[in-house]
$ cat final18.txt   # compact mmCIF, C-alpha atoms
# COMPACT_ATOMS: atom_id res chain seq x y z
CA MET L 22 -2.26 0.91 -10.83
CA SER L 23 -5.15 -1.33 -9.85
CA GLU L 24 -3.57 -4.02 -12.07
CA LEU L 25 -0.47 -4.07 -9.83
CA CYS L 26 -2.63 -4.20 -6.70
CA PHE L 27 -4.63 -7.17 -7.99
CA TYR L 28 -1.36 -8.82 -9.01
CA ALA L 29 -0.08 -8.45 -5.43
CA LEU L 30 -3.27 -10.04 -4.08
CA ASP L 31 -2.84 -12.95 -6.47
CA VAL L 32 0.82 -13.50 -5.52
CA ALA L 33 0.06 -13.38 -1.79
CA GLN L 34 -2.77 -15.89 -2.19
CA LYS L 35 -0.63 -18.26 -4.28
CA THR L 36 2.19 -18.13 -1.71
CA GLY L 37 -0.09 -19.09 1.17
CA ALA L 38 -1.82 -16.02 2.57
CA SER L 39 -5.27 -16.82 3.95
CA ALA L 40 -6.25 -13.13 3.71
CA CYS L 41 -4.57 -10.09 2.23
CA ASP L 42 -5.10 -6.42 1.52
CA VAL L 43 -3.13 -4.08 -0.69
CA ARG L 44 -2.82 -0.31 -0.51
CA PHE L 45 -1.54 2.06 -3.16
CA GLU L 46 -0.71 5.56 -2.03
CA GLU L 47 0.42 8.59 -3.98
CA ALA L 48 1.12 12.02 -2.53
CA PHE L 49 2.17 15.38 -3.90
CA SER L 50 3.54 18.47 -2.20
CA GLY L 51 4.75 21.84 -3.28
CA PHE L 52 6.20 24.99 -1.78
CA LEU L 53 7.83 28.25 -2.74
CA LEU L 54 11.38 29.03 -1.70
CA PHE L 55 12.15 32.57 -0.50
CA VAL L 56 15.60 33.69 0.61
CA ASN L 57 15.83 36.98 2.53
CA GLY L 58 12.38 37.93 1.24
CA SER L 59 13.20 37.26 -2.41
CA PHE L 60 11.53 34.52 -4.38
CA GLU L 61 14.07 31.89 -5.46
CA ALA L 62 12.18 28.92 -6.89
CA PRO L 63 9.15 26.69 -6.64
CA ALA L 64 9.72 23.15 -5.41
CA PHE L 65 7.48 20.16 -5.95
CA SER L 66 7.75 16.58 -4.90
CA SER L 67 5.72 13.44 -5.22
CA TRP L 68 5.99 9.93 -3.93
CA SER L 69 4.04 6.75 -4.31
CA GLY L 70 4.16 3.16 -3.18
CA VAL L 71 2.36 -0.11 -2.64
CA GLY L 72 1.93 -1.92 0.66
CA VAL L 73 0.78 -5.50 1.22
CA ARG L 74 -0.63 -6.86 4.47
CA ALA L 75 -0.85 -10.65 4.44
CA PHE L 76 -2.39 -12.96 7.05
CA VAL L 77 -1.52 -16.60 7.71
CA HIS L 78 -3.61 -18.36 10.38
CA GLY L 79 -4.64 -14.92 11.63
CA PHE L 80 -1.14 -13.51 11.99
CA PRO L 81 -0.37 -10.39 9.93
CA SER L 82 2.78 -9.14 8.29
CA PHE L 83 3.32 -6.01 6.22
CA SER L 84 5.76 -5.14 3.47
CA SER L 85 5.95 -2.16 1.10
CA THR L 86 7.87 -0.71 -1.80
CA SER L 87 8.10 2.54 -3.71
CA ARG L 88 9.05 0.68 -6.88
CA LEU L 89 5.95 0.27 -9.01
CA ASP L 90 6.82 -2.73 -11.16
CA LYS L 91 5.63 -6.35 -11.10
CA GLU L 92 8.90 -7.75 -9.77
CA SER L 93 8.97 -5.41 -6.75
CA VAL L 94 5.27 -5.90 -6.00
CA SER L 95 5.70 -9.68 -6.23
CA THR L 96 8.66 -9.50 -3.84
CA ILE L 97 6.75 -7.59 -1.16
CA ALA L 98 3.69 -9.87 -1.45
CA GLN L 99 5.90 -12.93 -1.03
CA ARG L 100 7.81 -11.30 1.85
CA ALA L 101 4.65 -10.33 3.73
CA THR L 102 3.29 -13.87 3.36
CA LYS L 103 6.62 -15.45 4.36
CA TYR L 104 6.87 -13.41 7.57
CA ALA L 105 3.21 -14.02 8.43
CA LYS L 106 3.94 -17.75 8.14
CA VAL L 107 6.89 -17.38 10.53
CA PHE L 108 4.75 -15.48 13.04
CA SER L 109 1.95 -18.04 12.76
CA GLN L 110 4.32 -20.87 13.70
CA LYS L 111 5.12 -19.20 17.03
CA SER L 112 1.56 -19.14 18.46
CA LYS L 113 -1.89 -20.66 18.25
CA PRO L 114 -3.87 -19.88 15.07
CA LYS L 115 -6.32 -16.97 15.19
CA SER L 116 -9.33 -16.37 12.99
CA VAL L 117 -9.25 -13.18 10.89
CA THR L 118 -11.85 -12.20 8.34
CA LEU L 119 -11.36 -9.14 6.17
CA PRO L 120 -14.54 -7.55 4.83
CA GLN L 121 -15.32 -7.94 1.13
CA THR L 122 -15.82 -4.63 -0.62
CA ASN L 123 -16.45 -3.08 -3.98
CA ALA L 124 -16.32 0.39 -2.52
CA THR L 125 -15.70 3.81 -3.94
CA PHE L 126 -13.37 5.88 -1.80
CA LEU L 127 -13.42 9.66 -1.69
CA VAL L 128 -10.12 11.19 -0.72
CA LYS L 129 -10.15 14.81 0.48
CA GLU L 130 -6.96 16.77 0.91
CA LYS L 131 -6.85 19.25 3.79
CA ARG L 132 -5.13 22.11 1.97
CA GLY L 133 -7.34 22.93 -0.98
CA TRP L 134 -6.31 20.16 -3.34
CA LYS L 135 -9.12 18.97 -5.58
CA ASN L 136 -11.09 15.94 -4.41
CA GLN L 137 -10.21 12.70 -6.15
CA ILE L 138 -12.57 9.76 -6.55
CA LEU L 139 -10.89 6.35 -6.34
CA THR L 140 -12.76 3.21 -7.32
CA THR L 141 -11.94 -0.44 -6.96
$ encode --input "final18.txt" --output "structure tokens"
Amino acid sequence: MSELCFYALDVAQKTGASACDVRFEEAFSGFLLFVNGSFEAPAFSSWSGVGVRAFVHGFPSFSSTSRLDKESVSTIAQRATKYAKVFSQKSKPKSVTLPQTNATFLVKEKRGWKNQILTT
């Protein structure tokens, strides 16, 4: 998945973003279905997606998709940059600096899911 995120950063930069960040998110849920006190079935769902926030002259724009392929990720990176350009033409430029990081993120779920370590 990190390959798609780095690809989105590259596309946004090549289309004119002065700064950009990308977020991948994946979530899972599950529950048990009871009808009139009788167990019917378990149900599980999951969803995932990628979001791109691009800045042009300090003006941000955000776009996201749940389709995890290069074409969709490229489209949202280009769209975020395009709209940031439009916003930047309407006002004076602002200076925005995003922090550089090579961080490790620990994600803790609130309801007893196992901890997951995410690295960049």
$ closest_residue --input "final18.txt" --among "L:Leu53, L:Ala105, L:Phe83, L:Ala62" --to "Ala38 in chain L" --atoms "all atoms listed in the file"
L:Ala105
$ atom_distance --input "final18.txt" --atom1 "CA of Leu25 in chain L" --atom2 "CA of Glu92 in chain L"
10.1 Å
$ residues_around --input "final18.txt" --residues "Phe27 in chain L" --least-positions-apart "2" --cutoff "12 Å" --atoms "all atoms listed in the file" --output "short mmCIF file (atom, residue, chain, number, x, y, z; two decimals) with C-alpha atoms, in the frame of the given file"
data_model
loop_
_atom_site.label_atom_id
_atom_site.label_comp_id
_atom_site.auth_asym_id
_atom_site.auth_seq_id
_atom_site.Cartn_x
_atom_site.Cartn_y
_atom_site.Cartn_z
CA MET L 22 -2.26 0.91 -10.83
CA SER L 23 -5.15 -1.33 -9.85
CA GLU L 24 -3.57 -4.02 -12.07
CA LEU L 25 -0.47 -4.07 -9.83
CA ALA L 29 -0.08 -8.45 -5.43
CA LEU L 30 -3.27 -10.04 -4.08
CA ASP L 31 -2.84 -12.95 -6.47
CA VAL L 32 0.82 -13.50 -5.52
CA ALA L 33 0.06 -13.38 -1.79
CA GLN L 34 -2.77 -15.89 -2.19
CA CYS L 41 -4.57 -10.09 2.23
CA ASP L 42 -5.10 -6.42 1.52
CA VAL L 43 -3.13 -4.08 -0.69
CA ARG L 44 -2.82 -0.31 -0.51
CA PHE L 45 -1.54 2.06 -3.16
CA VAL L 71 2.36 -0.11 -2.64
CA VAL L 73 0.78 -5.50 1.22
CA LYS L 91 5.63 -6.35 -11.10
CA VAL L 94 5.27 -5.90 -6.00
CA SER L 95 5.70 -9.68 -6.23
CA ALA L 98 3.69 -9.87 -1.45
CA THR L 141 -11.94 -0.44 -6.96
#
$ closest_residue --input "final18.txt" --among "L:Gly79, L:Glu47, L:Thr36, L:Phe52" --to "Lys111 in chain L" --atoms "only C-alpha atoms"
L:Gly79
$ atom_distance --input "final18.txt" --atom1 "CA of Phe80 in chain L" --atom2 "CA of Ala101 in chain L"
10.6 Å
$ atom_distance --input "final18.txt" --atom1 "CA of Gly51 in chain L" --atom2 "CA of Pro63 in chain L"
7.4 Å
$ axis_aligned_box --input "final18.txt" --around "range 42-47 of chain L" --padding-each-side "5 Å" --output "JSON"
{"center_x": -2.3, "center_y": 1.1, "center_z": -1.2, "size_x": 15.5, "size_y": 25.0, "size_z": 15.5}
$ residues_near_point --input "final18.txt" --point "(4.6, -1.8, -0.3)" --cutoff "6 Å" --atoms "only C-alpha atoms" --output "list in words"
Gly70, Val71, Gly72, Val73, Ser84, Ser85 and Thr86 of chain L
$ decode --input "final18.txt" --residues "range 84-110 of chain L" --atoms "C-alpha atoms" --output "PDB file, in the first residue's frame"
ATOM      1  CA  SER L  84      -9.632  14.323  -2.686  1.00  0.00           C
ATOM      2  CA  SER L  85     -10.117  10.642  -1.839  1.00  0.00           C
ATOM      3  CA  THR L  86     -11.062   7.295  -3.305  1.00  0.00           C
ATOM      4  CA  SER L  87     -11.900   3.819  -2.109  1.00  0.00           C
ATOM      5  CA  ARG L  88     -10.490   2.317  -5.303  1.00  0.00           C
ATOM      6  CA  LEU L  89      -6.962   1.129  -4.618  1.00  0.00           C
ATOM      7  CA  ASP L  90      -5.412   1.137  -8.081  1.00  0.00           C
ATOM      8  CA  LYS L  91      -2.873   3.446  -9.740  1.00  0.00           C
ATOM      9  CA  GLU L  92      -5.392   5.065 -12.074  1.00  0.00           C
ATOM     10  CA  SER L  93      -7.763   6.063  -9.249  1.00  0.00           C
ATOM     11  CA  VAL L  94      -4.935   7.271  -7.009  1.00  0.00           C
ATOM     12  CA  SER L  95      -3.487   9.311  -9.888  1.00  0.00           C
ATOM     13  CA  THR L  96      -6.912  10.856 -10.527  1.00  0.00           C
ATOM     14  CA  ILE L  97      -7.374  12.017  -6.929  1.00  0.00           C
ATOM     15  CA  ALA L  98      -3.818  13.404  -6.716  1.00  0.00           C
ATOM     16  CA  GLN L  99      -4.379  15.383  -9.912  1.00  0.00           C
ATOM     17  CA  ARG L 100      -7.820  16.537  -8.739  1.00  0.00           C
ATOM     18  CA  ALA L 101      -6.537  17.730  -5.358  1.00  0.00           C
ATOM     19  CA  THR L 102      -3.731  19.664  -7.054  1.00  0.00           C
ATOM     20  CA  LYS L 103      -6.072  21.124  -9.687  1.00  0.00           C
ATOM     21  CA  TYR L 104      -8.529  22.444  -7.090  1.00  0.00           C
ATOM     22  CA  ALA L 105      -5.728  23.807  -4.900  1.00  0.00           C
ATOM     23  CA  LYS L 106      -4.513  25.740  -7.956  1.00  0.00           C
ATOM     24  CA  VAL L 107      -8.018  27.172  -8.456  1.00  0.00           C
ATOM     25  CA  PHE L 108      -8.231  28.223  -4.802  1.00  0.00           C
ATOM     26  CA  SER L 109      -4.755  29.771  -4.934  1.00  0.00           C
ATOM     27  CA  GLN L 110      -5.755  32.009  -7.848  1.00  0.00           C
TER      28      GLN L 110
END
